[in-house]
Amino acid sequence: MKNIKIDPILYTSTDHWLNTFLASAKERPIYNKDTNVFTFQRIGLQVLGIPLDEDDYYNSLFEMHQKDYIYVLSEDLDKTINQGVFKSIQEILELHQQQPKGLSINRLIAFMYGKNLIPKYKDTTLNHHIQQTVIKVVEYFQSQHNTGLQSPEFRRFLIDMVKWMQNHLAKWMANSKFDDDYPKVVWYGNLTESQKYFLILLMEFGCDVLIFHPSGVDQFADIDPTNRYSIVYNYSNTGELEPFPTQMRERQTTVAYRANKQLEKMMNDQHSGVFKPWQFRNHSPTSITMKMTYDDIFIYEKEKAMIRPDFKVDQGKVYIPVIFAKIQGVSKDRKEYWERMRELSDNALTLTIHQFPFSQITKANYHYHFQHSLNKGKLSPEKMIKGSWWQYGHLPNELQLAIAHTIKEYCEQPKLRKLEQESDYDLQLFLFKQASRIPEVILQLLQKYDYAQDIPKLLLYHMETNGDLSREDAALLLFLNEFGLDLILYNPAGHNDIENYIDTNYYDSHWLEEVVFNQEFEGFTKKKGSLISKLINRIF
């Protein structure tokens with residue numbers, strides 16, 4: 001008797017997994033009939049969503065159903081059970097319940113095999129393999145339930161496994177040998193818990209299994225979170241779960257129609273790099289502060305968020321690479337120094353600040369508001385928005401929620417230095433209070449922020465004679481950094497300001513060649529556009 005070893009296959013493209021599924025096991029990379037071990041590869045794959053051409057998708061399913069070597073179980077699942085078989089299962093379950101801890105899995109399988117509830121084959125290798133397969137699946141069921149085989153779901157599980165093994169697997173393999181091709185199975189649509197375990201049994205046995213769900217529902221997320229049995233292939237589009245096709249669809253799509261669908265896909269695909277205006281309005285912005293050189297600042301400040309390295313969209317969040325830098329001293333090349341600053345200032349989404357402090361200071365106690373914004377000890381964005389203290393009710397709902405999510409992150413993971421004898425709670429309370437009082441001029445910047453496009457900026461120019469940057473200012477800067485704005489602070493004298501409140505690990509610090517005292521800020525005026533640029537702006 002030989003042992004059977006099964007290797008799952010990883011897939012790289014649609015053609016790869018589909019062609020491999022249709023091919024014989026003998027044609028796959030690993031197929032070895034060794035003296036003691038028979039090794040082959042099987043496919044376990046969830047195909048979620050639908051391609052651009054829906055007709056092609058449903059026609060492929062119909063064609064699979066017509067092939068005699070592919071079994072579409074969801075359409076032909078046989079739910080009947082012989083009364084004698086049912087009685088035998090009942091007897092084993094009663095015996096299982098009579099034991100204080102139930103039957104061991106090995107004894108359970110032995111009873112099932114003795115009562116012919118597990119398929120028996122002429123080939124001893126197949127006989128051994130099916131028994132080992134059932135043991136593994138029962139063990140997996142046990143591991144997935146807190147009460148193990150004492151779970152109330154175990155009875156339904158066992159009846160369904162026996163029923164479907166006899167109605168399907170036993171018939172498919174009736175005349176097979178251990179080194180034959182194993183069945184190819186397709187499932188379309190929703191799955192019950194028992195059906196999931198039966199597909200796992202088929203995959204453990206060595207069958208190829210494709211699971212299709214046009215709505216994109218990952219039905220194995222709860223039962224197979226580590227992709228032990230199947231992996232996921234996602235199409236960009238999703239659709240309604242329609243009835244399984246009973247005939248071929250007529251292909252009526254034109255080239256123009258498919259091109260339009262392709263454009264639609266690109267505009268909606270979060271990984272395509274092509275985005276519609278305000279596509280991520282319902283997402284929460286999350287910043288990634290970039291580490292960069294002084295010269296890099298003036299390269300990346302021109303780039304849209306989606307062009308910057310590591311920009312991504314994932315699970316309702318937009319990850320935005322941002323600049324947070326302090327520039328100390330002045331360049332020897334004064335012309336370049338002021339021209340670069342002018343480039344930053346000329347940006348329509350740049351707010352220039354050269355008087356300090358620039359944020360509001362209040363002695364109001366926010367303890368009550370903070371406590372009423374908690375849910376199970378954590379700040380709740382939804383409760384914040386409903387609070388009497390919330391001053392952002394005039395903003396669009398999506399922006400209100402984004403601000404609330406940012407407040408939560410920035411308070412729960414504070415980057416502001418604690419004062420002497422200040423508790424963690426006092427620090428959170430201070431940050432919470434400052435985030436509740438964002439100046440209107442900054443709120444206007446946030447309202448213009450389309451997260452994949454141009455990034456709003458704060459350009460701060462701090463010298464000895466234009467006031468002191470306060471702790472409240474530093475707290476607001478940290479909030480804006482968390483929200484995804486670029487922050488660039490100039491200090492020609494190289495004095496400490498932001499360092500007093502924020503650790504230098506959280507921003508870049510660049511020293512230029514010369515230190516200059518009392519260097520007045522050169523007020524900039526926006527450059528007037530040419531006639532051509534005005535015309536272009538009017539068109540777009």
# chains A, B, ... in the order shown; residues from 1 in each chain; ligands from 1
call {"tool": "residues_around", "arguments": {"residues": "region 208-213 of chain A", "least_positions_apart": "4", "cutoff": "8 Å", "atoms": "only C-alpha atoms", "output": "number ranges by chain"}}
result
A: 21, 42-49, 182-190, 199, 202-203, 217, 241
call {"tool": "select_by_dssp", "arguments": {"residues": "region 321-380 of chain A", "states": "alpha helix (DSSP H)", "output": "list in words"}}
result
Arg334, Lys335, Glu336, Tyr337, Trp338, Glu339, Arg340, Met341, Arg342, Glu343, Leu344, Ser345, Asp346, His367, Tyr368, His369, Phe370 and Gln371 of chain A
call {"tool": "write_last_selection", "arguments": {"atoms": "N, CA and C atoms", "output": "CSV table (one decimal), in the first residue's frame"}}
result
chain,number,residue,atom,x,y,z
A,334,ARG,N,20.4,82.4,-1.7
A,334,ARG,CA,19.2,83.0,-1.2
A,334,ARG,C,18.1,83.0,-2.3
A,335,LYS,N,18.5,83.2,-3.5
A,335,LYS,CA,17.5,83.2,-4.6
A,335,LYS,C,16.7,81.8,-4.7
A,336,GLU,N,17.5,80.7,-4.6
A,336,GLU,CA,16.9,79.4,-4.6
A,336,GLU,C,16.0,79.2,-3.4
A,337,TYR,N,16.5,79.7,-2.2
A,337,TYR,CA,15.8,79.5,-1.0
A,337,TYR,C,14.4,80.1,-1.1
A,338,TRP,N,14.3,81.4,-1.5
A,338,TRP,CA,13.0,82.1,-1.6
A,338,TRP,C,12.2,81.5,-2.7
A,339,GLU,N,12.8,81.1,-3.8
A,339,GLU,CA,12.0,80.6,-4.9
A,339,GLU,C,11.3,79.3,-4.6
A,340,ARG,N,12.1,78.5,-3.8
A,340,ARG,CA,11.5,77.2,-3.4
A,340,ARG,C,10.3,77.5,-2.5
A,341,MET,N,10.5,78.4,-1.6
A,341,MET,CA,9.4,78.7,-0.6
A,341,MET,C,8.2,79.3,-1.4
A,342,ARG,N,8.5,80.1,-2.4
A,342,ARG,CA,7.5,80.7,-3.2
A,342,ARG,C,6.7,79.6,-3.9
A,343,GLU,N,7.4,78.6,-4.4
A,343,GLU,CA,6.7,77.4,-5.1
A,343,GLU,C,5.7,76.8,-4.2
A,344,LEU,N,6.1,76.6,-2.9
A,344,LEU,CA,5.2,76.0,-1.9
A,344,LEU,C,4.0,76.9,-1.7
A,345,SER,N,4.3,78.2,-1.5
A,345,SER,CA,3.3,79.2,-1.2
A,345,SER,C,2.3,79.4,-2.3
A,346,ASP,N,2.7,79.2,-3.5
A,346,ASP,CA,1.9,79.5,-4.7
A,346,ASP,C,0.8,78.4,-4.9
A,367,HIS,N,-13.5,67.1,30.0
A,367,HIS,CA,-13.6,65.8,30.6
A,367,HIS,C,-15.0,65.2,30.3
A,368,TYR,N,-16.1,65.9,30.5
A,368,TYR,CA,-17.4,65.5,30.3
A,368,TYR,C,-17.6,65.1,28.8
A,369,HIS,N,-17.2,65.9,27.9
A,369,HIS,CA,-17.3,65.6,26.5
A,369,HIS,C,-16.6,64.4,26.1
A,370,PHE,N,-15.4,64.2,26.7
A,370,PHE,CA,-14.5,63.1,26.3
A,370,PHE,C,-15.2,61.8,26.8
A,371,GLN,N,-15.7,61.8,28.1
A,371,GLN,CA,-16.3,60.6,28.6
A,371,GLN,C,-17.6,60.2,27.8
call {"tool": "select_by_dssp", "arguments": {"residues": "region 139-242 of chain A", "states": "strand (DSSP E)", "output": "PyMOL selection string"}}
result
chain A and resi 184-188+208-213+231-234
call {"tool": "write_last_selection", "arguments": {"atoms": "all heavy atoms", "output": "compact mmCIF listing (two decimals), in the first residue's frame"}}
result
# COMPACT_ATOMS: atom_id res chain seq x y z
N LYS A 184 -13.04 16.63 -10.55
CA LYS A 184 -12.98 18.10 -10.61
C LYS A 184 -14.37 18.61 -10.26
O LYS A 184 -15.35 18.22 -10.88
CB LYS A 184 -12.57 18.57 -12.00
CG LYS A 184 -11.21 18.06 -12.45
CD LYS A 184 -10.90 18.53 -13.85
CE LYS A 184 -9.60 17.90 -14.36
NZ LYS A 184 -8.44 18.33 -13.58
N VAL A 185 -14.43 19.50 -9.27
CA VAL A 185 -15.72 19.93 -8.72
C VAL A 185 -15.85 21.44 -8.83
O VAL A 185 -14.90 22.19 -8.57
CB VAL A 185 -15.85 19.50 -7.24
CG1 VAL A 185 -17.15 20.02 -6.63
CG2 VAL A 185 -15.76 17.98 -7.12
N VAL A 186 -17.04 21.89 -9.22
CA VAL A 186 -17.36 23.32 -9.28
C VAL A 186 -18.55 23.59 -8.37
O VAL A 186 -19.53 22.83 -8.37
CB VAL A 186 -17.71 23.76 -10.73
CG1 VAL A 186 -18.34 25.15 -10.75
CG2 VAL A 186 -16.45 23.73 -11.60
N TRP A 187 -18.44 24.63 -7.57
CA TRP A 187 -19.58 25.08 -6.76
C TRP A 187 -19.89 26.52 -7.14
O TRP A 187 -18.97 27.35 -7.26
CB TRP A 187 -19.26 25.01 -5.26
CG TRP A 187 -20.48 25.31 -4.43
CD1 TRP A 187 -20.98 26.54 -4.12
CD2 TRP A 187 -21.37 24.36 -3.85
NE1 TRP A 187 -22.12 26.42 -3.38
CE2 TRP A 187 -22.39 25.09 -3.19
CE3 TRP A 187 -21.41 22.98 -3.81
CZ2 TRP A 187 -23.43 24.48 -2.50
CZ3 TRP A 187 -22.44 22.37 -3.12
CH2 TRP A 187 -23.44 23.11 -2.48
N TYR A 188 -21.17 26.84 -7.29
CA TYR A 188 -21.59 28.18 -7.67
C TYR A 188 -22.57 28.71 -6.62
O TYR A 188 -23.57 28.06 -6.32
CB TYR A 188 -22.25 28.17 -9.05
CG TYR A 188 -22.87 29.51 -9.45
CD1 TYR A 188 -22.08 30.52 -9.98
CD2 TYR A 188 -24.23 29.74 -9.29
CE1 TYR A 188 -22.64 31.74 -10.34
CE2 TYR A 188 -24.80 30.96 -9.64
CZ TYR A 188 -24.00 31.96 -10.16
OH TYR A 188 -24.56 33.16 -10.52
N ASP A 208 -9.98 18.60 -7.29
CA ASP A 208 -9.89 20.01 -7.66
C ASP A 208 -11.24 20.67 -7.38
O ASP A 208 -12.27 20.14 -7.78
CB ASP A 208 -9.58 20.16 -9.16
CG ASP A 208 -8.18 19.68 -9.50
OD1 ASP A 208 -7.29 19.78 -8.64
OD2 ASP A 208 -7.99 19.20 -10.63
N VAL A 209 -11.22 21.81 -6.69
CA VAL A 209 -12.47 22.48 -6.34
C VAL A 209 -12.38 23.96 -6.69
O VAL A 209 -11.46 24.66 -6.23
CB VAL A 209 -12.78 22.32 -4.84
CG1 VAL A 209 -14.06 23.08 -4.48
CG2 VAL A 209 -12.93 20.84 -4.46
N LEU A 210 -13.31 24.41 -7.53
CA LEU A 210 -13.47 25.84 -7.82
C LEU A 210 -14.79 26.30 -7.24
O LEU A 210 -15.83 25.66 -7.45
CB LEU A 210 -13.47 26.11 -9.33
CG LEU A 210 -12.20 25.81 -10.12
CD1 LEU A 210 -12.38 26.27 -11.57
CD2 LEU A 210 -10.99 26.48 -9.52
N ILE A 211 -14.76 27.40 -6.49
CA ILE A 211 -15.97 27.95 -5.87
C ILE A 211 -16.20 29.35 -6.46
O ILE A 211 -15.35 30.24 -6.31
CB ILE A 211 -15.82 28.03 -4.35
CG1 ILE A 211 -15.49 26.65 -3.78
CG2 ILE A 211 -17.09 28.60 -3.70
CD1 ILE A 211 -14.90 26.68 -2.39
N PHE A 212 -17.33 29.53 -7.15
CA PHE A 212 -17.63 30.81 -7.81
C PHE A 212 -18.71 31.57 -7.03
O PHE A 212 -19.73 30.97 -6.63
CB PHE A 212 -18.13 30.57 -9.23
CG PHE A 212 -17.09 30.03 -10.17
CD1 PHE A 212 -16.86 28.66 -10.28
CD2 PHE A 212 -16.33 30.88 -10.95
CE1 PHE A 212 -15.91 28.15 -11.14
CE2 PHE A 212 -15.37 30.39 -11.83
CZ PHE A 212 -15.15 29.02 -11.92
N HIS A 213 -18.47 32.85 -6.83
CA HIS A 213 -19.52 33.70 -6.23
C HIS A 213 -19.43 35.09 -6.87
O HIS A 213 -18.53 35.86 -6.58
CB HIS A 213 -19.36 33.81 -4.72
CG HIS A 213 -20.65 34.17 -4.03
ND1 HIS A 213 -21.29 35.37 -4.25
CD2 HIS A 213 -21.44 33.49 -3.16
CE1 HIS A 213 -22.40 35.41 -3.54
NE2 HIS A 213 -22.52 34.29 -2.87
N ILE A 231 -7.43 29.32 -1.77
CA ILE A 231 -7.05 30.72 -1.82
C ILE A 231 -8.08 31.47 -2.67
O ILE A 231 -8.98 30.87 -3.25
CB ILE A 231 -5.62 30.92 -2.38
CG1 ILE A 231 -5.54 30.46 -3.84
CG2 ILE A 231 -4.60 30.20 -1.53
CD1 ILE A 231 -4.22 30.82 -4.49
N VAL A 232 -7.93 32.79 -2.71
CA VAL A 232 -8.95 33.64 -3.34
C VAL A 232 -8.39 34.30 -4.58
O VAL A 232 -7.27 34.82 -4.57
CB VAL A 232 -9.45 34.71 -2.34
CG1 VAL A 232 -10.39 35.68 -3.03
CG2 VAL A 232 -10.16 34.04 -1.16
N TYR A 233 -9.18 34.27 -5.65
CA TYR A 233 -8.89 35.06 -6.85
C TYR A 233 -10.01 36.08 -7.00
O TYR A 233 -11.18 35.71 -7.10
CB TYR A 233 -8.80 34.18 -8.10
CG TYR A 233 -8.47 34.96 -9.34
CD1 TYR A 233 -7.15 35.18 -9.73
CD2 TYR A 233 -9.48 35.53 -10.12
CE1 TYR A 233 -6.85 35.91 -10.85
CE2 TYR A 233 -9.18 36.27 -11.24
CZ TYR A 233 -7.87 36.46 -11.62
OH TYR A 233 -7.58 37.21 -12.72
N ASN A 234 -9.68 37.36 -6.98
CA ASN A 234 -10.68 38.43 -7.04
C ASN A 234 -10.72 39.09 -8.41
O ASN A 234 -9.70 39.57 -8.91
CB ASN A 234 -10.37 39.52 -6.00
CG ASN A 234 -10.83 39.13 -4.61
OD1 ASN A 234 -12.02 38.91 -4.39
ND2 ASN A 234 -9.89 39.05 -3.68
call {"tool": "residues_around", "arguments": {"residues": "Leu419 (chain A)", "least_positions_apart": "6", "cutoff": "10 Å", "atoms": "only C-alpha atoms", "output": "ChimeraX atom specification"}}
result
/A:426-427,501
